Number of protein chains: 2
Amino acid sequence: MKLFELIDRLGLLLRSSDRRSAARHGLQPIHLQALRFLAQANRYSDTPVAVTEYLGLTKGTASQTLLLLRKKGLLSASPDADDGRKTHLQLTAAGRRVHKDTSPPAPLLAAAKGLGSTAELERDLEGLLRELQRDNDGRSFGICHTCRHFQTQGAGYQCGLTGEPLRRVEIDLLCREHEEPVSGS
Amino acid sequence: MKLFELIDRLGLLLRSSDRRSAARHGLQPIHLQALRFLAQANRYSDTPVAVTEYLGLTKGTASQTLLLLRKKGLLSASPDADDGRKTHLQLTAAGRRVHKDTSPPAPLLAAAKGLGSTAELERDLEGLLRELQRDNDGRSFGICHTCRHFQTQGAGYQCGLTGEPLRRVEIDLLCREHEEPVSGS
DNA sequence: TTCTATCGTATCGACTCGATACTATCATTC
DNA sequence: GAATGATAGTATCGAGTCGATACGATAGAA
């Protein structure tokens, strides 16, 4: 199972690279992961539960991590207008600075340069990812406009699941409710 | 930088999968990583320093992790015959059982099945890996017989760096001193 | 209204992790 | 041989992750 060893080792290297860049900001690797996700999450996915699912933690652990990020001033929180249980999280200016400084890690960027085209590599990894997350928790966290529920509405867009209209900038973000289109469309 | 996001997410899923299977044995993900490495490490690499470098930790942290694995009876340690500073680590029968049960993680195995040939994927990942570890700490931890110092000696093998003869089973193991062959050979 | 599911926080104990300090052994140099 | 420096490993400390458990608050359904 050579493929596993390669991915495993790659993950190890990226993690230790993350550890170093996180340390520059007084953070842990998991904090960078959380910031990366929230920087790309749409309005249905910028909440503690979504972070919990994405990072594969329990909600208690995720809550602690997010609390620390808020305390450090990298995240701000605002209550949902309609649902009193929900909290929406946004990167502050400081949070965006940290995110920009650490994503993607410079070493990987350099490494990819020496590889030429990455198109088929990306296709293969995508396939692997889809299979894995089917097993994991069922959530794919895909990009909004590639979703089964994504609809065009005249000149605009809307989500078929919630019925809400979507702004242009939202359709490229990650969504917790994302589902692969039914095959054969 | 789509490639980064894919690898990042893949690493996250594997890690959380590791976390679950580690928990079944009362362990943390890092313990599985250590066992995986030691199960493949040759006689120059089955020591705490090698684990330290491979996992990208500090030696203090690695020492603690290994101590716990010894306390749990998954690793045994024996002093080096020639160098009083060195300690060699071996998986015990219990350690091998845990390793077999958790490597590779079942979900990945299943995911790879639906992918067909993984040859070019592996080639690409290997290239990426080589670049990354050049940046990281310089050590590639490659397989003995692919090393610049690997030599055949009559019917046997030997390491050109230490001058020691190598047994057949050793030449497929990972080595801390591994160096890519000089190009053009 | 009651029941249940969901969202989020608080607390506890085991463990990771880096930093620092320390011991012991080997290698080099004088 | 003795001093010096490099290498291998351990011990301890504080901050933080992490799962488990418990809890409170809101929402939705029966």
# chains A, B, ... in the order shown; residues from 1 in each chain; ligands from 1
>>> closest_atom_pairs(of="chain B", to="chain A", cutoff="9 Å", atoms="only C-alpha atoms", output="Markdown table")
| residue | atom | partner | partner_atom | distance |
| --- | --- | --- | --- | --- |
| B:Met1 | CA | A:Pro104 | CA | 7.4 |
| B:Lys2 | CA | A:Glu122 | CA | 7.7 |
| B:Leu3 | CA | A:Glu122 | CA | 6.0 |
| B:Phe4 | CA | A:Pro104 | CA | 6.5 |
| B:Glu5 | CA | A:Pro104 | CA | 8.2 |
| B:Leu6 | CA | A:Leu125 | CA | 6.7 |
| B:Ile7 | CA | A:Leu125 | CA | 7.6 |
| B:Asp8 | CA | A:Gly11 | CA | 7.6 |
| B:Arg9 | CA | A:Leu129 | CA | 7.9 |
| B:Leu10 | CA | A:Leu129 | CA | 6.2 |
| B:Gly11 | CA | A:Gly11 | CA | 5.2 |
| B:Leu12 | CA | A:Leu55 | CA | 6.7 |
| B:Leu13 | CA | A:Gln133 | CA | 7.3 |
| B:Leu14 | CA | A:Asp8 | CA | 8.0 |
| B:Arg15 | CA | A:Gly11 | CA | 8.6 |
| B:Ser16 | CA | A:Gly56 | CA | 5.7 |
| B:Ser17 | CA | A:Asn136 | CA | 7.5 |
| B:Gln33 | CA | A:Asp8 | CA | 8.6 |
| B:Tyr54 | CA | A:Leu12 | CA | 8.4 |
| B:Leu55 | CA | A:Leu12 | CA | 6.7 |
| B:Gly56 | CA | A:Ser16 | CA | 5.7 |
| B:Leu57 | CA | A:Ser16 | CA | 7.6 |
| B:Ser103 | CA | A:Phe4 | CA | 8.6 |
| B:Pro104 | CA | A:Phe4 | CA | 6.5 |
| B:Pro105 | CA | A:Phe4 | CA | 8.5 |
| B:Pro107 | CA | A:Leu132 | CA | 6.1 |
| B:Leu108 | CA | A:Leu132 | CA | 6.3 |
| B:Leu109 | CA | A:Phe4 | CA | 8.1 |
| B:Ala110 | CA | A:Glu131 | CA | 7.8 |
| B:Ala111 | CA | A:Glu131 | CA | 5.0 |
| B:Ala112 | CA | A:Leu128 | CA | 6.4 |
| B:Gly114 | CA | A:Glu131 | CA | 8.0 |
| B:Leu115 | CA | A:Gly127 | CA | 7.0 |
| B:Thr118 | CA | A:Leu3 | CA | 7.4 |
| B:Ala119 | CA | A:Leu3 | CA | 8.9 |
| B:Glu120 | CA | A:Leu121 | CA | 8.2 |
| B:Leu121 | CA | A:Leu121 | CA | 6.0 |
| B:Glu122 | CA | A:Leu3 | CA | 6.0 |
| B:Asp124 | CA | A:Leu121 | CA | 6.9 |
| B:Leu125 | CA | A:Leu6 | CA | 6.7 |
| B:Glu126 | CA | A:Leu6 | CA | 6.9 |
| B:Gly127 | CA | A:Leu115 | CA | 7.0 |
| B:Leu128 | CA | A:Ala111 | CA | 5.6 |
| B:Leu129 | CA | A:Leu10 | CA | 6.2 |
| B:Arg130 | CA | A:Ala111 | CA | 8.2 |
| B:Glu131 | CA | A:Ala111 | CA | 5.0 |
| B:Leu132 | CA | A:Ala111 | CA | 5.9 |
| B:Gln133 | CA | A:Leu13 | CA | 7.3 |
| B:Asp135 | CA | A:Pro107 | CA | 6.6 |
| B:Asn136 | CA | A:Leu13 | CA | 7.4 |
>>> interface_residues(of="chain D", to="chain B", cutoff="10 Å", atoms="only C-alpha atoms (C1' of nucleotides)", output="PyMOL selection string")
chain D and resi 7-11+18-19
>>> write_last_selection(atoms="N, CA, C and O atoms (P, O5', C5', C4', C3', O3' and C1' of nucleotides)", output="short mmCIF file (atom, residue, chain, number, x, y, z; two decimals), in the first residue's frame")
data_model
loop_
_atom_site.label_atom_id
_atom_site.label_comp_id
_atom_site.auth_asym_id
_atom_site.auth_seq_id
_atom_site.Cartn_x
_atom_site.Cartn_y
_atom_site.Cartn_z
P DT D 7 26.30 17.08 16.07
"O5'" DT D 7 25.81 15.82 16.90
"C5'" DT D 7 26.57 14.62 16.86
"C4'" DT D 7 25.97 13.63 17.81
"C3'" DT D 7 24.45 13.49 17.72
"O3'" DT D 7 24.14 12.11 17.50
"C1'" DT D 7 25.14 13.72 19.97
P DA D 8 22.60 11.66 17.37
"O5'" DA D 8 22.28 11.13 18.84
"C5'" DA D 8 22.96 9.97 19.30
"C4'" DA D 8 22.31 9.46 20.58
"C3'" DA D 8 20.78 9.42 20.54
"O3'" DA D 8 20.33 8.19 21.08
"C1'" DA D 8 21.52 10.74 22.38
P DG D 9 18.76 7.84 20.94
"O5'" DG D 9 18.21 8.36 22.34
"C5'" DG D 9 18.58 7.65 23.52
"C4'" DG D 9 18.27 8.48 24.74
"C3'" DG D 9 16.80 8.75 25.00
"O3'" DG D 9 16.32 7.81 25.97
"C1'" DG D 9 18.24 10.57 25.59
P DT D 10 14.81 7.91 26.47
"O5'" DT D 10 14.92 8.90 27.72
"C5'" DT D 10 15.80 8.57 28.78
"C4'" DT D 10 15.74 9.65 29.85
"C3'" DT D 10 14.34 9.91 30.41
"O3'" DT D 10 14.37 9.73 31.81
"C1'" DT D 10 15.41 11.95 29.82
P DA D 11 13.04 9.88 32.65
"O5'" DA D 11 13.04 11.42 33.09
"C5'" DA D 11 14.13 11.92 33.85
"C4'" DA D 11 13.77 13.31 34.39
"C3'" DA D 11 12.31 13.47 34.83
"O3'" DA D 11 12.29 14.18 36.06
"C1'" DA D 11 12.86 15.10 33.19
P DC D 18 -7.11 18.97 18.25
"O5'" DC D 18 -8.00 17.99 19.15
"C5'" DC D 18 -7.42 16.73 19.55
"C4'" DC D 18 -8.23 16.10 20.65
"C3'" DC D 18 -9.74 16.13 20.44
"O3'" DC D 18 -10.14 14.91 19.84
"C1'" DC D 18 -9.04 16.38 22.74
P DG D 19 -11.71 14.68 19.55
"O5'" DG D 19 -12.17 13.82 20.81
"C5'" DG D 19 -11.44 12.65 21.15
"C4'" DG D 19 -12.00 12.02 22.40
"C3'" DG D 19 -13.51 11.75 22.37
"O3'" DG D 19 -13.75 10.54 23.10
"C1'" DG D 19 -13.01 13.26 24.13
#
>>> interface_residues(of="chain C", to="chain A", cutoff="10 Å", atoms="only C-alpha atoms (C1' of nucleotides)", output="NGL selection string")
:C and (6-10 or 17-18)
>>> select_by_dssp(residues="stretch 42-136 of chain A", states="strand (DSSP E)", output="mmCIF file with all heavy atoms, in the first residue's frame")
data_model
loop_
_atom_site.group_PDB
_atom_site.id
_atom_site.type_symbol
_atom_site.label_atom_id
_atom_site.label_comp_id
_atom_site.auth_asym_id
_atom_site.auth_seq_id
_atom_site.Cartn_x
_atom_site.Cartn_y
_atom_site.Cartn_z
ATOM 1 N N LEU A 75 -11.049 35.968 15.277
ATOM 2 C CA LEU A 75 -12.417 35.692 14.846
ATOM 3 C C LEU A 75 -13.372 36.613 15.592
ATOM 4 O O LEU A 75 -13.154 36.944 16.749
ATOM 5 C CB LEU A 75 -12.805 34.242 15.160
ATOM 6 C CG LEU A 75 -12.238 33.108 14.322
ATOM 7 C CD1 LEU A 75 -12.813 31.781 14.791
ATOM 8 C CD2 LEU A 75 -12.541 33.328 12.849
ATOM 9 N N SER A 76 -14.469 36.988 14.907
ATOM 10 C CA SER A 76 -15.556 37.661 15.615
ATOM 11 C C SER A 76 -16.815 36.833 15.414
ATOM 12 O O SER A 76 -16.934 36.107 14.435
ATOM 13 C CB SER A 76 -15.745 39.078 15.075
ATOM 14 O OG SER A 76 -16.091 39.027 13.705
ATOM 15 N N ALA A 77 -17.743 36.952 16.345
ATOM 16 C CA ALA A 77 -18.954 36.145 16.299
ATOM 17 C C ALA A 77 -20.173 37.036 16.308
ATOM 18 O O ALA A 77 -20.181 38.088 16.936
ATOM 19 C CB ALA A 77 -18.995 35.196 17.490
ATOM 20 N N SER A 78 -21.219 36.594 15.579
ATOM 21 C CA SER A 78 -22.477 37.333 15.618
ATOM 22 C C SER A 78 -23.620 36.335 15.608
ATOM 23 O O SER A 78 -23.571 35.332 14.900
ATOM 24 C CB SER A 78 -22.564 38.282 14.423
ATOM 25 O OG SER A 78 -22.304 37.573 13.222
ATOM 26 N N PRO A 79 -24.654 36.619 16.395
ATOM 27 C CA PRO A 79 -25.783 35.694 16.480
ATOM 28 C C PRO A 79 -26.586 35.677 15.189
ATOM 29 O O PRO A 79 -26.639 36.668 14.473
ATOM 30 C CB PRO A 79 -26.614 36.254 17.641
ATOM 31 C CG PRO A 79 -26.243 37.695 17.708
ATOM 32 C CD PRO A 79 -24.821 37.790 17.265
ATOM 33 N N THR A 87 -24.554 30.667 15.822
ATOM 34 C CA THR A 87 -23.575 31.747 15.869
ATOM 35 C C THR A 87 -22.805 31.758 14.558
ATOM 36 O O THR A 87 -22.361 30.709 14.103
ATOM 37 C CB THR A 87 -22.590 31.525 17.019
ATOM 38 O OG1 THR A 87 -23.312 31.319 18.217
ATOM 39 C CG2 THR A 87 -21.669 32.713 17.180
ATOM 40 N N HIS A 88 -22.651 32.925 13.974
ATOM 41 C CA HIS A 88 -21.850 33.027 12.755
ATOM 42 C C HIS A 88 -20.488 33.605 13.086
ATOM 43 O O HIS A 88 -20.367 34.538 13.877
ATOM 44 C CB HIS A 88 -22.560 33.918 11.730
ATOM 45 C CG HIS A 88 -23.843 33.324 11.219
ATOM 46 N ND1 HIS A 88 -23.876 32.426 10.199
ATOM 47 C CD2 HIS A 88 -25.120 33.481 11.634
ATOM 48 C CE1 HIS A 88 -25.138 32.057 9.979
ATOM 49 N NE2 HIS A 88 -25.915 32.689 10.845
ATOM 50 N N LEU A 89 -19.472 33.038 12.451
ATOM 51 C CA LEU A 89 -18.099 33.432 12.739
ATOM 52 C C LEU A 89 -17.480 34.107 11.514
ATOM 53 O O LEU A 89 -17.658 33.649 10.391
ATOM 54 C CB LEU A 89 -17.272 32.203 13.108
ATOM 55 C CG LEU A 89 -17.799 31.405 14.316
ATOM 56 C CD1 LEU A 89 -17.183 30.022 14.350
ATOM 57 C CD2 LEU A 89 -17.513 32.171 15.596
ATOM 58 N N GLN A 90 -16.763 35.202 11.762
ATOM 59 C CA GLN A 90 -16.063 35.867 10.671
ATOM 60 C C GLN A 90 -14.601 36.079 11.050
ATOM 61 O O GLN A 90 -14.291 36.316 12.211
ATOM 62 C CB GLN A 90 -16.692 37.244 10.360
ATOM 63 C CG GLN A 90 -18.174 37.235 10.091
ATOM 64 C CD GLN A 90 -18.994 37.368 11.371
ATOM 65 O OE1 GLN A 90 -18.587 38.050 12.310
ATOM 66 N NE2 GLN A 90 -20.140 36.698 11.404
ATOM 67 N N LEU A 91 -13.733 36.028 10.052
ATOM 68 C CA LEU A 91 -12.345 36.394 10.292
ATOM 69 C C LEU A 91 -12.256 37.901 10.472
ATOM 70 O O LEU A 91 -12.841 38.663 9.690
ATOM 71 C CB LEU A 91 -11.457 35.970 9.118
ATOM 72 C CG LEU A 91 -10.873 34.562 9.163
ATOM 73 C CD1 LEU A 91 -11.963 33.517 9.017
ATOM 74 C CD2 LEU A 91 -9.803 34.381 8.104
#
>>> select_by_dssp(residues="stretch 33-161 of chain B", states="helix (DSSP H, G or I)", output="MDAnalysis selection string")
chainID B and resid 33:38 48:55 59:71 93:102 106:113 119:136 144:146
>>> residues_around(residues="D:DA3", least_positions_apart="4", cutoff="12 Å", atoms="only C-alpha atoms (C1' of nucleotides)", output="list in words")
DT28, DT29 and DC30 of chain C
>>> atom_distance(atom1="atom CA of A:Ile143", atom2="atom C1' of D:DG28")
28.8 Å
>>> atom_distance(atom1="atom CA of A:Arg176", atom2="atom CA of A:Asp18")
24.4 Å
>>> residues_around(residues="A:Tyr157", least_positions_apart="4", cutoff="8 Å", atoms="only C-alpha atoms (C1' of nucleotides)", output="PyMOL selection string")
chain A and resi 150-153+165-168
>>> closest_residue(among="B:Gly163, B:Asp82, B:Thr52, B:Cys147", to="C:DC26", atoms="only C-alpha atoms (C1' of nucleotides)")
B:Asp82
